[in-house]
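J.: Dumping the structure here so I can ask a few things about it.
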Amino acid sequence: MTSRLYDSIEPNVIDEEMLQKAVEEQGPQEEAGQLAKKEGINFKDVKELQLDFRGILKIDNLSQFINLTKLQLDNNMIEKIEGLDSLIHLVWLDLSFNNIETIEGLDALVKLQDLSLYSNRISTIENLDTLQELQVFSIGNNNIDVLENIIYLRKFKNLRTLNLAKNPVCDNELYAMFIAAYLPDLVYLDFRLVDENTRDMASVKYQYPIEEMKHGEYVALNKQQIEEATEKELAYHKSAYVERLNGPFLFDSMYAEDPEASKLVYLPGVPELLETYKTKFVEVCEALFDYGLKQHEKREAEVALFYECLNEALLENQMEGTKIIRDFEEKNRGTLDLIQNTSDPEITELKLADYNEEISKLYDTLMSLEMQMVDQLEEVIKDFERSILDLVAIFIENEQGLMAQCRDLENHHHEKLLEIAINTLEKVVKSEFDEEMPDEVRMLFVDKDTIVNAVNASHDIHLLKIDNREDEIVTKANGWASVLIERVHNDEINRNRSRVMEINQYIDHLRGELDNWDILEQ
């Protein structure tokens with residue numbers, strides 16, 4: 001096994017004391033740094049953290065370092081990669097010289113560019129799929145012994161530097177050529193530039209397996225793109241509340257949970273009846289699907305128009321506010337200097353009073369402008385709220401009308417099915433029914449109640465499915481409108497508070513200058 005330079009270090013855990021000490025040691029040591037120590041350092045502000053040579057057994061308690069970009073955990077006693085899920089901004093990670101046997105726990109580190117697992121006990125390169133930004137990967141001095149395992153690294157299109165030195169796999173005489181062939185974009189291998197001669201020889205030697213692999217990758221990529229497009233399309237349909245209504249999904253789901261349907265289909269004329277019912281039912285679902293998408297587009301257009309008008313009004317207000325402040329500053333430029341250079345105390349007092357009055361007028365003007373903005377936006381938001389609620393109400397009304405058509409079709413089908421069932425029962429009772437029928441189906445015809453109950457149970461399941469789908473659409477549409485309207489109102493409240501605070505801070509700044517001048521005069 002790999003030797004450790006610091007075997008004499010006592011095993012340790014990552015606790016608050018260790019973290020605080022590490023942050024303080026790596027922080028600024030001048031006066032500002034000392035002040036930060038006294039006031040306490042917020043771990044959220046830390047960008048780089050060095051925890052090497054500390055005898056750490058387990059990665060833990062790092063969840064507060066959410067903005068960390070660089071983490072050193074090398075030369076410890078770590079056996080498992082874990083506890084890193086919150087470090088989503090990590091770009092550089094060093095886990096070299098530890099006791100890690102399996103690559104794992106790195107899925108959340110999607111921004112990682114530089115990863116070192118040098119000198120551990122790893123035998124397989126795996127579980128790095130999400131690290132698509134990876135550029136530098138050091139996994140030398142481990143137990144990698146299968147040359148084909150290196151092919152896994154083809155999926156990292158940005159990988160340019162790879163260190164595999166001191167692994168058993170390096171003893172293979174084809175090692176360098178194999179890697180040059182299967183990782184054609186690699187620039188450095190084991191601290192050396194991959195020379196063009198090796199690359200050319202490799203491309204010739206492995207031409208056919210590489211071509212075969214590329215074809216497989218193309219097929220896999222094509223399949224992935226189709227799946228992603230399908231998922232994206234489904235997500236869009238969900239945003240319109242009509243997912244899977246562009247086909248027989250709802251109809252099939254009604255029968256998937258109906259244990260009686262598979263029996264009743266044996267009745268004479270039912271297959272044909274069922275096919276007609278399905279065709280008409282799916283037509284209604286598709287009409288609802290198309291209508292839902294169109295209404296979704298209308299709602300999205302309404303939202304986009306609202307925000308366009310809102311941003312236009314805010315920009316105009318901001319420009320007017322900026323002009324008012326600029327005019328004030330232009331008009332009063334050098335006022336304090338002028339007052340300071342006036343030798344007559346009475347004139348000085350008058351000029352100070354005038355300037356104070358100017359500041360008060362500026363405050364009133366800015367606050368008046370903000371109140372105008374509030375009133376204007378209040379009307380705009382009211383109109384928007386009315387429009388959104390009207391669009392949602394119209395959508396729900398028409399959606400319920402189409403769902404009512406589904407129920408009508410189900411009721412009609414139920415009546416026909418019940419009629420066939422009763423007629424079949426009469427024939428069975430009179431021994432006039434000659435067609436073959438499974439025993440479980442024949443058991444339904446022991447008496448009228450049994451067959452009627454079976455048909456009604458099937459009908460109830462279908463109606464429940466239709467009702468649930470309708471309720472789902474109504475709930476989601478109303479929920480969307482409520483959340484949107486609440487967000488718009490909250491955004492405006494926060495905007496207004498922020499603007500009033502800005503005005504007050506600016507006025508306080510101007511008056512603070514006056515106060516400071518008064519103090520100097522005294």
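Labeling convention for the structure tokens: chains A, B, ... as they appear, residues from 1 per chain, ligands from 1 in order of appearance.
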Tell me, as a list in words, which residues lie within 9 Å of region 74-79 of chain A, counting only C-alpha atoms; anything in the same chain fewer than 4 positions away does not count.
T.: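 Those residues are Arg4, Leu5, Tyr6, Asp7, Ile9, Pro11, Asn12, Gln50, Leu51, Asp52, Phe53, Arg54, Gly55, Ile56, Leu57, Lys58, Ile59, Asp94, Leu95, Ser96, Phe97, Asn98, Asn99, Ile100, Glu101, Thr102, Ser116, Leu117 and Asn120 of chain A.
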J.: Can you pull out the residues contacting Val455 (chain A)? Cut-off 12 Å, using only C-alpha atoms, and skip same-chain residues under 2 positions away; I want them as JSON, numbers by chain.
T.: {"A": [258, 259, 260, 261, 262, 263, 264, 265, 267, 410, 411, 413, 414, 415, 416, 417, 418, 419, 420, 421, 422, 444, 445, 448, 449, 450, 451, 452, 453, 457, 458, 459, 460, 461, 462]}
J.: Can you pull out every residue within 8 Å of region 379-390 of chain A, counting only C-alpha atoms, but drop anything in the same chain fewer than 2 positions away, and send it as a list in words?
T.: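 Residues near the query, excluding close chain neighbours: Arg299, Glu302, Phe306, Leu310, Asp375, Gln376, Leu377, Val392, Ala393, Ile394, Ala481, Ile485, Val488 and His489 of chain A.
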J.: Residues of the last selection are to be written out with N, CA, C and O atoms, as a short mmCIF file (atom, residue, chain, number, x, y, z; two decimals), in the first residue's frame.
T.:
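Contents of result31.cif, freshly written:
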data_model
loop_
_atom_site.label_atom_id
_atom_site.label_comp_id
_atom_site.auth_asym_id
_atom_site.auth_seq_id
_atom_site.Cartn_x
_atom_site.Cartn_y
_atom_site.Cartn_z
N ARG A 299 -51.81 32.73 -21.80
CA ARG A 299 -51.43 33.13 -20.44
C ARG A 299 -49.97 33.59 -20.39
O ARG A 299 -49.64 34.59 -19.75
N GLU A 302 -49.65 36.98 -21.90
CA GLU A 302 -50.17 37.99 -20.97
C GLU A 302 -49.14 38.33 -19.90
O GLU A 302 -48.93 39.50 -19.56
N PHE A 306 -47.19 41.91 -19.44
CA PHE A 306 -47.23 42.60 -18.14
C PHE A 306 -45.83 43.02 -17.71
O PHE A 306 -45.60 44.17 -17.33
N LEU A 310 -44.33 46.66 -17.12
CA LEU A 310 -43.82 46.95 -15.78
C LEU A 310 -42.39 47.49 -15.85
O LEU A 310 -42.07 48.53 -15.26
N ASP A 375 -48.97 54.19 -7.31
CA ASP A 375 -50.36 54.28 -7.79
C ASP A 375 -50.49 53.72 -9.20
O ASP A 375 -51.45 53.00 -9.52
N GLN A 376 -49.51 54.06 -10.04
CA GLN A 376 -49.54 53.57 -11.43
C GLN A 376 -49.45 52.05 -11.47
O GLN A 376 -50.23 51.39 -12.18
N LEU A 377 -48.52 51.50 -10.71
CA LEU A 377 -48.33 50.05 -10.72
C LEU A 377 -49.50 49.33 -10.07
O LEU A 377 -49.81 48.19 -10.44
N VAL A 392 -57.75 32.20 -16.75
CA VAL A 392 -57.82 30.92 -16.04
C VAL A 392 -59.26 30.44 -15.92
O VAL A 392 -59.55 29.26 -16.10
N ALA A 393 -60.18 31.38 -15.63
CA ALA A 393 -61.61 31.03 -15.49
C ALA A 393 -62.16 30.50 -16.81
O ALA A 393 -62.90 29.49 -16.84
N ILE A 394 -61.79 31.16 -17.92
CA ILE A 394 -62.25 30.71 -19.24
C ILE A 394 -61.70 29.33 -19.56
O ILE A 394 -62.41 28.44 -20.06
N ALA A 481 -52.23 30.61 -10.88
CA ALA A 481 -52.69 32.00 -10.85
C ALA A 481 -52.45 32.63 -9.48
O ALA A 481 -51.96 33.77 -9.38
N ILE A 485 -49.89 35.79 -8.90
CA ILE A 485 -50.43 37.08 -8.42
C ILE A 485 -49.78 37.47 -7.09
O ILE A 485 -49.42 38.63 -6.87
N VAL A 488 -46.27 38.74 -7.76
CA VAL A 488 -46.28 40.09 -8.33
C VAL A 488 -46.51 41.13 -7.24
O VAL A 488 -45.82 42.16 -7.18
N HIS A 489 -47.48 40.86 -6.35
CA HIS A 489 -47.76 41.80 -5.26
C HIS A 489 -46.56 41.92 -4.32
O HIS A 489 -46.19 43.03 -3.91
#
J.: Could you give me, as an MDAnalysis selection string, each residue of region 70-242 of chain A that DSSP assigns to helix (DSSP H, G or I) when run on this structure's backbone?
T.: chainID A and resid 147:155 168:171 175:182 196:205 207:239
J.: Do you know which residues are at most 8 Å from region 273-277 of chain A counting only C-alpha atoms, after dropping those on the same chain fewer than 2 positions away, and could you put them as a list in words?
T.: Gly269, Val270, Pro271, Thr279, Lys280, Phe281, Leu409, Glu410 and His413 of chain A
J.: With distances taken over only C-alpha atoms, which residue among A:Met213, A:Ala181, A:Ile325, A:Ala165 lies nearest Asp200 (chain A)?
T.: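 The answer is A:Ala181, which sits nearest to Asp200 (chain A).
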J.: CA of Met177 (chain A) and CA of Asp145 (chain A), how far apart in Å?
T.: 15.9 Å
J.: Do a neighbour search on Ala287 (chain A) at 12 Å with only C-alpha atoms, toss out local chain neighbours closer than 6 positions, and write the hits as an NGL selection string.
T.: :A and (242 or 245-247 or 280-281 or 293-294 or 398-399 or 401-403 or 405-406)
J.: So that I have them on file, write out the residues from the current selection with C-alpha atoms, as a CSV table (one decimal), in the first residue's frame.
T.:
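Written out: out-v8.csv:
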chain,number,residue,atom,x,y,z
A,242,VAL,CA,-52.7,18.8,-20.4
A,245,LEU,CA,-54.0,14.1,-23.1
A,246,ASN,CA,-52.8,14.0,-26.7
A,247,GLY,CA,-53.6,10.3,-27.0
A,280,LYS,CA,-64.6,9.3,-29.5
A,281,PHE,CA,-63.1,9.6,-26.0
A,293,LEU,CA,-51.8,24.5,-25.2
A,294,LYS,CA,-53.4,27.5,-26.9
A,398,ASN,CA,-64.1,25.1,-21.3
A,399,GLU,CA,-61.9,22.4,-19.8
A,401,GLY,CA,-67.1,21.4,-20.7
A,402,LEU,CA,-64.8,19.0,-22.5
A,403,MET,CA,-64.5,16.8,-19.4
A,405,GLN,CA,-68.2,15.3,-22.8
A,406,CYS,CA,-65.9,12.5,-21.6
J.: Nearest residue to Val146 (chain A) out of A:Leu366, A:Ser123, A:Val474, A:Glu48, using only C-alpha atoms?
T.: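 Of A:Leu366, A:Ser123, A:Val474, A:Glu48, the one nearest Val146 (chain A) is A:Ser123, counting only C-alpha atoms.
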J.: Would you work out the distance separating CA of Gln400 (chain A) from CA of Lys298 (chain A), expressed in Å to one decimal?
T.: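 CA of Lys298 (chain A) lies at a distance of 18.5 Å from CA of Gln400 (chain A).
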